[in-house]
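Presented below is the structure to which this report refers.
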Amino acid sequence: LQGMEQNVQTIIRALDECLAALPQQQLQRVSHIGISGQMHGIVFWKRNKGCTWTECGTGPAFEPEEVSRLVTWQDGRCSPAFLASLPLPQSHISLATGFGCATVYWYLKKRPDFLKSYDAAGTIHDYVVAMLCDLKKPLMSVQNAASWGYFNSRNQSWNTDILEKSGFPVHLLPEVGDPGSIAGRTICEWHGIPKGAKVGVALGDFQCSVYSCLTERTDAVLNISTSAQLTISMPAGFQPPDTPDPSSAVAYFPYFNGDYLAVAASLNGGNVLAAFVDMVARWTEELGLQVQESAIYTKIIKAALAQTDIKLSVLPTIFGERHVPEQLASVTNIAVSDLSLGHVTRALCRGIVENLCSMLPVQRLKETGVRRILGSGSALARNEVLRQEVERIFPFPVVYGKDVDAAVGAAMVMFHRK
């Protein structure tokens, strides 16, 4: 796998377009801003030169200036061998490719001059908070810090000693604050939102998605969008182990108020189906035919709904998994009777859910007292076959919420903490 980067200017432009589309009279009433975004990733910028504020149609907005590209959580440049060469973190979370600190190490060892151009770093959502509040040093929530690696959640601090010994540029690490705390106030009117509005420290998209739907400790949240997660909340007072277990499929993510979530975070979800549809489209094109990917998606789901009795078995891990990065996908039990598109699609959907279930088994859910599953995520919302497989594999009532939204969760956090 190679690098996975995104253009920060394009992301901020999209954010501007979304804000500009909201009713002006509502924006003028905003007093608190909650922000969440994809965890693990990293963007670098120059302090005091991270952006310029300009006038646009709906009022002042900021434009990124001396900012790097965003290296996302899907970045694959840190091979298992590279990660094994790094110092062992004093953290309960195993280091993986795509984690902010791992990416810094990669630049340090492969392109050290790149790091000399910048003196601040954060996730993309930490960057937005820093620009809105003109923070001299970026501030990051415990949730995002844990997602970068080399962060001890128990004492809420970076592994500074370990990092310094290996020459890591610790000056790039942000300050860390509690999820739900205020990072600062807007230094400028922003698309009609008044100057002085309180801005929360940026939160993890995953925690915010869970926050927007998890009400009972006896609920488990199953989310399938680009990737997939199965989550349960740990009892109050739970503390994660001191050291990571690299072979464990379950990670513990800091949540709110000192609580933790136990998470089976699979790298293989809706992205697997997207890759399958892309493959079918390319095969079709090579045969001299043209079919829209959206049409393929609709047709394969319809075909799979007609096939429930299948022997075909698909292990769908084409993107590997963090606890077994070298494991790829495989197809077994191939019989001549199971070769239709419907059979293969059904087996693929079943495989996605079974893979997640193997990471956090039903027995453990029962032991934790789970009584219900909350299903969420765009892939689950759009795919009836996936929903059928969830209900077939998990022996609990399944309730489908809205396509659970991290932005909704971030807004709820700020509202509850006013």
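All residue names refer to the structure tokens as shown: chains lettered A, B, ... in order, residues numbered from 1 in each chain, ligands numbered from 1 in order.
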
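Excluding Leu386 of chain A itself and any same-chain residue fewer than 6 positions from it, the protein and nucleic acid residues within 9 Å of it, counting only C-alpha atoms, are Arg346, Cys349, Arg350, Ile352, Val353, Ala379 and Leu380 of chain A.
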
Prev. selection, C-alpha atoms, output as a compact mmCIF listing (two decimals), in the first residue's frame:
```
# COMPACT_ATOMS: atom_id res chain seq x y z
CA ARG A 346 -24.31 -12.50 -0.62
CA CYS A 349 -21.79 -9.24 2.64
CA ARG A 350 -21.87 -12.23 4.98
CA ILE A 352 -17.95 -8.51 6.14
CA VAL A 353 -20.31 -9.13 9.08
CA ALA A 379 -23.30 0.96 3.91
CA LEU A 380 -25.77 -0.67 6.29
```

Show me, as an MDAnalysis selection string, the residues that have an atom within 8 Å of Tyr260 of chain A when counting only C-alpha atoms, minus same-chain residues fewer than 6 positions from it. chainID A and resid 233:234 238:239 252:254

Saved selection, atoms kept: all heavy atoms, as a short mmCIF file (atom, residue, chain, number, x, y, z; two decimals), in the first residue's frame:
```cif
data_model
loop_
_atom_site.label_atom_id
_atom_site.label_comp_id
_atom_site.auth_asym_id
_atom_site.auth_seq_id
_atom_site.Cartn_x
_atom_site.Cartn_y
_atom_site.Cartn_z
N SER A 233 -19.74 -0.31 25.44
CA SER A 233 -19.13 0.59 26.42
C SER A 233 -18.68 -0.22 27.63
O SER A 233 -19.36 -1.15 28.06
CB SER A 233 -20.09 1.71 26.83
OG SER A 233 -21.25 1.18 27.38
N MET A 234 -17.50 0.11 28.13
CA MET A 234 -16.93 -0.61 29.26
C MET A 234 -17.55 -0.06 30.56
O MET A 234 -17.98 1.09 30.60
CB MET A 234 -15.42 -0.44 29.29
CG MET A 234 -14.71 -1.05 28.07
SD MET A 234 -15.10 -2.81 27.85
CE MET A 234 -14.18 -3.52 29.21
N PHE A 238 -13.42 1.48 34.37
CA PHE A 238 -12.51 0.59 33.63
C PHE A 238 -11.25 1.34 33.21
O PHE A 238 -11.32 2.49 32.75
CB PHE A 238 -13.22 0.04 32.37
CG PHE A 238 -12.28 -0.62 31.39
CD1 PHE A 238 -11.90 -1.95 31.56
CD2 PHE A 238 -11.74 0.09 30.31
CE1 PHE A 238 -11.02 -2.56 30.67
CE2 PHE A 238 -10.87 -0.51 29.42
CZ PHE A 238 -10.51 -1.83 29.60
N GLN A 239 -10.10 0.70 33.36
CA GLN A 239 -8.84 1.25 32.86
C GLN A 239 -8.22 0.24 31.89
O GLN A 239 -8.18 -0.95 32.19
CB GLN A 239 -7.87 1.52 34.00
CG GLN A 239 -8.19 2.78 34.80
CD GLN A 239 -8.05 4.05 33.99
OE1 GLN A 239 -7.12 4.22 33.23
NE2 GLN A 239 -9.00 4.97 34.15
N TYR A 252 -9.28 -0.30 22.99
CA TYR A 252 -10.07 0.50 23.93
C TYR A 252 -9.87 1.98 23.60
O TYR A 252 -8.76 2.48 23.63
CB TYR A 252 -9.65 0.18 25.37
CG TYR A 252 -9.91 -1.27 25.71
CD1 TYR A 252 -8.87 -2.20 25.69
CD2 TYR A 252 -11.19 -1.72 26.01
CE1 TYR A 252 -9.10 -3.54 25.97
CE2 TYR A 252 -11.44 -3.06 26.28
CZ TYR A 252 -10.40 -3.97 26.26
OH TYR A 252 -10.64 -5.29 26.51
N PHE A 253 -10.96 2.64 23.24
CA PHE A 253 -10.88 4.05 22.84
C PHE A 253 -11.40 4.93 23.96
O PHE A 253 -12.49 4.68 24.50
CB PHE A 253 -11.74 4.30 21.59
CG PHE A 253 -11.15 3.80 20.30
CD1 PHE A 253 -10.09 2.90 20.28
CD2 PHE A 253 -11.66 4.24 19.07
CE1 PHE A 253 -9.55 2.44 19.09
CE2 PHE A 253 -11.13 3.78 17.87
CZ PHE A 253 -10.07 2.88 17.89
N PRO A 254 -10.66 6.00 24.31
CA PRO A 254 -11.20 6.95 25.28
C PRO A 254 -12.51 7.53 24.76
O PRO A 254 -12.61 7.88 23.58
CB PRO A 254 -10.13 8.04 25.35
CG PRO A 254 -8.89 7.42 24.80
CD PRO A 254 -9.34 6.41 23.80
#
```

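Atom pair atom CA of Ser294 of chain A / atom CA of Ala275 of chain A: separated by 12.8 Å.
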
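Among the candidates A:Leu230, A:Gly3, A:Glu189, A:Trp148, the residue lying nearest to Tyr107 of chain A is A:Gly3 (atoms considered: only C-alpha atoms).
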
Going by DSSP on the backbone, which residues of segment 64-220 of chain A come out as alpha helix (DSSP H)? List them as a VMD selection string. chain A and resid 80 to 84 100 to 110 112 to 116 124 to 133 142 to 148 160 to 165 205 to 211

Deliver the residues from the most recent selection as a file, using C-alpha atoms, as a PDB file, in the first residue's frame.
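Written out: again_23.pdb:
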```pdb
ATOM      1  CA  PRO A  80       4.988  -3.827   9.429  1.00  0.00           C
ATOM      2  CA  ALA A  81       8.812  -3.940   9.235  1.00  0.00           C
ATOM      3  CA  PHE A  82       9.022  -0.128   9.509  1.00  0.00           C
ATOM      4  CA  LEU A  83       6.645  -0.109  12.505  1.00  0.00           C
ATOM      5  CA  ALA A  84       8.681  -2.880  14.174  1.00  0.00           C
ATOM      6  CA  GLY A 100      -0.171  10.415  13.241  1.00  0.00           C
ATOM      7  CA  CYS A 101       2.998   9.601  15.214  1.00  0.00           C
ATOM      8  CA  ALA A 102       3.891   6.716  12.874  1.00  0.00           C
ATOM      9  CA  THR A 103       3.596   9.113   9.918  1.00  0.00           C
ATOM     10  CA  VAL A 104       5.900  11.639  11.646  1.00  0.00           C
ATOM     11  CA  TYR A 105       8.466   8.854  12.157  1.00  0.00           C
ATOM     12  CA  TRP A 106       8.177   7.952   8.466  1.00  0.00           C
ATOM     13  CA  TYR A 107       8.971  11.561   7.444  1.00  0.00           C
ATOM     14  CA  LEU A 108      11.755  11.736  10.053  1.00  0.00           C
ATOM     15  CA  LYS A 109      13.469   8.689   8.562  1.00  0.00           C
ATOM     16  CA  LYS A 110      12.594   9.021   4.867  1.00  0.00           C
ATOM     17  CA  PRO A 112      13.477  14.733   7.207  1.00  0.00           C
ATOM     18  CA  ASP A 113      13.603  18.033   5.276  1.00  0.00           C
ATOM     19  CA  PHE A 114       9.794  17.942   4.932  1.00  0.00           C
ATOM     20  CA  LEU A 115       9.350  18.335   8.709  1.00  0.00           C
ATOM     21  CA  LYS A 116      11.649  21.396   8.850  1.00  0.00           C
ATOM     22  CA  ILE A 124      -7.594  17.929  10.127  1.00  0.00           C
ATOM     23  CA  HIS A 125     -10.254  18.870  12.690  1.00  0.00           C
ATOM     24  CA  ASP A 126      -7.607  20.067  15.187  1.00  0.00           C
ATOM     25  CA  TYR A 127      -6.332  22.307  12.378  1.00  0.00           C
ATOM     26  CA  VAL A 128      -9.807  23.826  11.899  1.00  0.00           C
ATOM     27  CA  VAL A 129     -10.128  24.515  15.653  1.00  0.00           C
ATOM     28  CA  ALA A 130      -6.644  26.089  15.737  1.00  0.00           C
ATOM     29  CA  MET A 131      -7.508  28.381  12.800  1.00  0.00           C
ATOM     30  CA  LEU A 132     -10.933  29.413  14.162  1.00  0.00           C
ATOM     31  CA  CYS A 133      -9.506  30.275  17.589  1.00  0.00           C
ATOM     32  CA  VAL A 142      -7.595  12.794  24.495  1.00  0.00           C
ATOM     33  CA  GLN A 143      -9.627  10.922  21.845  1.00  0.00           C
ATOM     34  CA  ASN A 144      -7.490  12.194  18.968  1.00  0.00           C
ATOM     35  CA  ALA A 145      -4.237  11.927  20.936  1.00  0.00           C
ATOM     36  CA  ALA A 146      -4.858   8.228  21.685  1.00  0.00           C
ATOM     37  CA  SER A 147      -5.548   7.682  17.974  1.00  0.00           C
ATOM     38  CA  TRP A 148      -2.051   8.945  17.064  1.00  0.00           C
ATOM     39  CA  THR A 160       7.742  12.354  25.579  1.00  0.00           C
ATOM     40  CA  ASP A 161      10.785  10.543  27.026  1.00  0.00           C
ATOM     41  CA  ILE A 162      10.516   7.606  24.605  1.00  0.00           C
ATOM     42  CA  LEU A 163       9.935   9.952  21.649  1.00  0.00           C
ATOM     43  CA  GLU A 164      12.768  12.372  22.516  1.00  0.00           C
ATOM     44  CA  LYS A 165      15.292   9.541  22.848  1.00  0.00           C
ATOM     45  CA  ASP A 205     -15.608  10.993  14.583  1.00  0.00           C
ATOM     46  CA  PHE A 206     -15.985   7.479  15.942  1.00  0.00           C
ATOM     47  CA  GLN A 207     -16.758   8.574  19.522  1.00  0.00           C
ATOM     48  CA  CYS A 208     -19.189  11.228  18.255  1.00  0.00           C
ATOM     49  CA  SER A 209     -20.998   8.692  16.051  1.00  0.00           C
ATOM     50  CA  VAL A 210     -21.444   6.450  19.083  1.00  0.00           C
ATOM     51  CA  TYR A 211     -22.460   9.409  21.288  1.00  0.00           C
TER      52      TYR A 211
END
```

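From atom CA of Val263 of chain A back to atom CA of Val221 of chain A, the distance works out to 9.4 Å.
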